[in-house]
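Worksheet: one structure, shown below.
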Amino acid sequence: MVNFDIYGAGAMGSFGKDNFEKGNEWRVYLKNKLESLDCRFKVFFTNPNNYYNFLDKSTYDSELEIMKFDIGRVKRSDLVVVNFNDIASLGTMSEIAIAYDNRIPVIGLCENDEYRKLHPWQKEMCDKIFLNRDALIHYIEDYYLN
């Protein structure tokens, strides 16, 4: 079975250590749903918080290490799912731009009132943006995995 790699991009720093779960919950949800789909691929959802996060700084030496790791994962992905949970996240915007430049499809998720505040480039770099995570999952299943 062929692998299909999905990278979960979205703000982490703005949630900080005290609200880590709030910023990570959507990634866990998508990972569980997407990896359990019955489809023609073996789906792997990369949650960057599983590698580097704000709860355990002992695993990395610098932000450069994190940046290189995340960029490498984005470039090896078949699809990037971006959560616009913080539309001003520079790291997230960089991941979107790198995916776009490497012709990797980007699917957006904007579950709050921020959609109207998105910069036009954030919208244009996404193949499609959803306001609901389950609709996003069904779209990925129908258009990318089957």
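Lettering and numbering for the structure tokens are positional, with chains as A, B, ... in the shown order, residues counted from 1 in each chain, and ligands counted from 1 in the shown order.
The protein and nucleic acid residues lying at most 8 Å from A:Glu141 are Leu34, Leu37, Cys39, Ile137, His138, Tyr144, Leu145 and Asn146 of chain A, with only C-alpha atoms considered and sequence neighbours fewer than 3 positions away removed.
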For A:Asp86, list every protein, DNA or RNA residue within 8 Å, evaluated using only C-alpha atoms, and leave out those in the same chain fewer than 2 positions away; present the list as a VMD selection string. chain A and resid 10 to 11 14 83 to 84 88 to 89
Now that the selection is made, can you save its residues with N, CA, C and O atoms as a PDB file, in the first residue's frame?
```
ATOM      1  N   GLY A  10      -0.139  24.969  11.610  1.00  0.00           N
ATOM      2  CA  GLY A  10      -0.994  25.876  12.375  1.00  0.00           C
ATOM      3  C   GLY A  10      -0.253  26.375  13.589  1.00  0.00           C
ATOM      4  O   GLY A  10       0.708  25.754  14.044  1.00  0.00           O
ATOM      5  N   ALA A  11      -0.701  27.479  14.102  1.00  0.00           N
ATOM      6  CA  ALA A  11      -0.010  28.135  15.212  1.00  0.00           C
ATOM      7  C   ALA A  11       0.147  27.222  16.415  1.00  0.00           C
ATOM      8  O   ALA A  11      -0.745  26.451  16.739  1.00  0.00           O
ATOM      9  N   SER A  14       1.494  30.773  19.873  1.00  0.00           N
ATOM     10  CA  SER A  14       0.518  31.709  20.438  1.00  0.00           C
ATOM     11  C   SER A  14      -0.313  31.078  21.548  1.00  0.00           C
ATOM     12  O   SER A  14      -0.899  31.780  22.363  1.00  0.00           O
ATOM     13  N   ASN A  83      -4.428  25.012   9.817  1.00  0.00           N
ATOM     14  CA  ASN A  83      -5.472  25.565  10.664  1.00  0.00           C
ATOM     15  C   ASN A  83      -5.142  27.036  10.882  1.00  0.00           C
ATOM     16  O   ASN A  83      -4.088  27.375  11.410  1.00  0.00           O
ATOM     17  N   PHE A  84      -6.054  27.898  10.486  1.00  0.00           N
ATOM     18  CA  PHE A  84      -5.864  29.332  10.672  1.00  0.00           C
ATOM     19  C   PHE A  84      -6.344  29.766  12.058  1.00  0.00           C
ATOM     20  O   PHE A  84      -7.049  30.749  12.204  1.00  0.00           O
ATOM     21  N   ALA A  88      -1.999  35.313  12.264  1.00  0.00           N
ATOM     22  CA  ALA A  88      -0.766  36.089  12.229  1.00  0.00           C
ATOM     23  C   ALA A  88       0.480  35.237  12.465  1.00  0.00           C
ATOM     24  O   ALA A  88       1.575  35.776  12.564  1.00  0.00           O
ATOM     25  N   SER A  89       0.347  33.924  12.517  1.00  0.00           N
ATOM     26  CA  SER A  89       1.486  33.050  12.782  1.00  0.00           C
ATOM     27  C   SER A  89       2.457  33.060  11.605  1.00  0.00           C
ATOM     28  O   SER A  89       2.133  32.586  10.512  1.00  0.00           O
TER      29      SER A  89
END
```
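The closest residue to A:Thr92, picked from A:Ala9, A:Phe69, A:Phe4, A:Phe45 and counting only C-alpha atoms, is A:Ala9.
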Give me the residues near stretch 100-116 of chain A as a list in words, where near means some atom within 6 Å (using only C-alpha atoms) and where sequence neighbours in that chain fewer than 5 positions away do not count.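 Selected residues are Leu79, Val80, Val81, Val82, Asn83, Phe84, Cys126, Asp127, Lys128, Ile129, Phe130, Leu131 and Asn132 of chain A.
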Output C-alpha atoms for every residue in the selection just made, as a compact mmCIF listing (two decimals), in the first residue's frame.
```txt
# COMPACT_ATOMS: atom_id res chain seq x y z
CA LEU A 79 -0.82 17.47 1.35
CA VAL A 80 -0.65 20.24 3.95
CA VAL A 81 -3.64 20.96 6.16
CA VAL A 82 -3.39 24.40 7.74
CA ASN A 83 -5.47 25.57 10.66
CA PHE A 84 -5.86 29.33 10.67
CA CYS A 126 -5.01 27.28 -0.32
CA ASP A 127 -6.69 24.96 -2.76
CA LYS A 128 -9.79 25.10 -0.59
CA ILE A 129 -10.72 26.40 2.88
CA PHE A 130 -13.26 24.78 5.18
CA LEU A 131 -15.12 26.21 8.14
CA ASN A 132 -15.76 22.73 9.58
```
Could you pull out the residues in chain A that DSSP calls helix (DSSP H, G or I) from the backbone, as an MDAnalysis selection string? chainID A and resid 20:35 48:50 57:59 63:75 90:101 113:117 120:124 133:145
Two-atom distance - atom CA of A:Asn50, atom CA of A:Met125 (Å): 25.8 Å
Could you name the residues that touch A:Met67 at 12 Å or less, counting only C-alpha atoms, but leaving out those on the same chain fewer than 2 positions away, as a list in words? Pro48, Tyr51, Tyr52, Tyr60, Asp61, Ser62, Glu63, Leu64, Glu65, Phe69, Asp70, Ile71, Gly72, Arg73, Val74, Leu90, Gly91, Thr92, Ser94, Glu95 and Ile98 of chain A
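Considering the residues A:Tyr7, A:Tyr29, A:Trp121, A:Tyr139 and counting only C-alpha atoms, A:Val43 has its shortest atom-to-atom contact with A:Tyr7.
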Using only C-alpha atoms, find the one residue out of A:Lys123, A:Asn47, A:Lys33, A:Arg27 that sits nearest to A:Met93.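 Among A:Lys123, A:Asn47, A:Lys33, A:Arg27, it is A:Lys123 that comes nearest to A:Met93.
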Between atom CA of A:Gly23 and atom CA of A:Lys75, distance in Å (one decimal): 22.7 Å
Interatomic distance (Å, one decimal) between atom CA of A:Leu118 and atom CA of A:Glu35: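 These atoms are spaced 28.8 Å apart.
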Among the residues of stretch 40-122 of chain A, find those DSSP assigns to strand (DSSP E) from the backbone and print them as a ChimeraX atom specification. /A:41-46,79-83,106-109
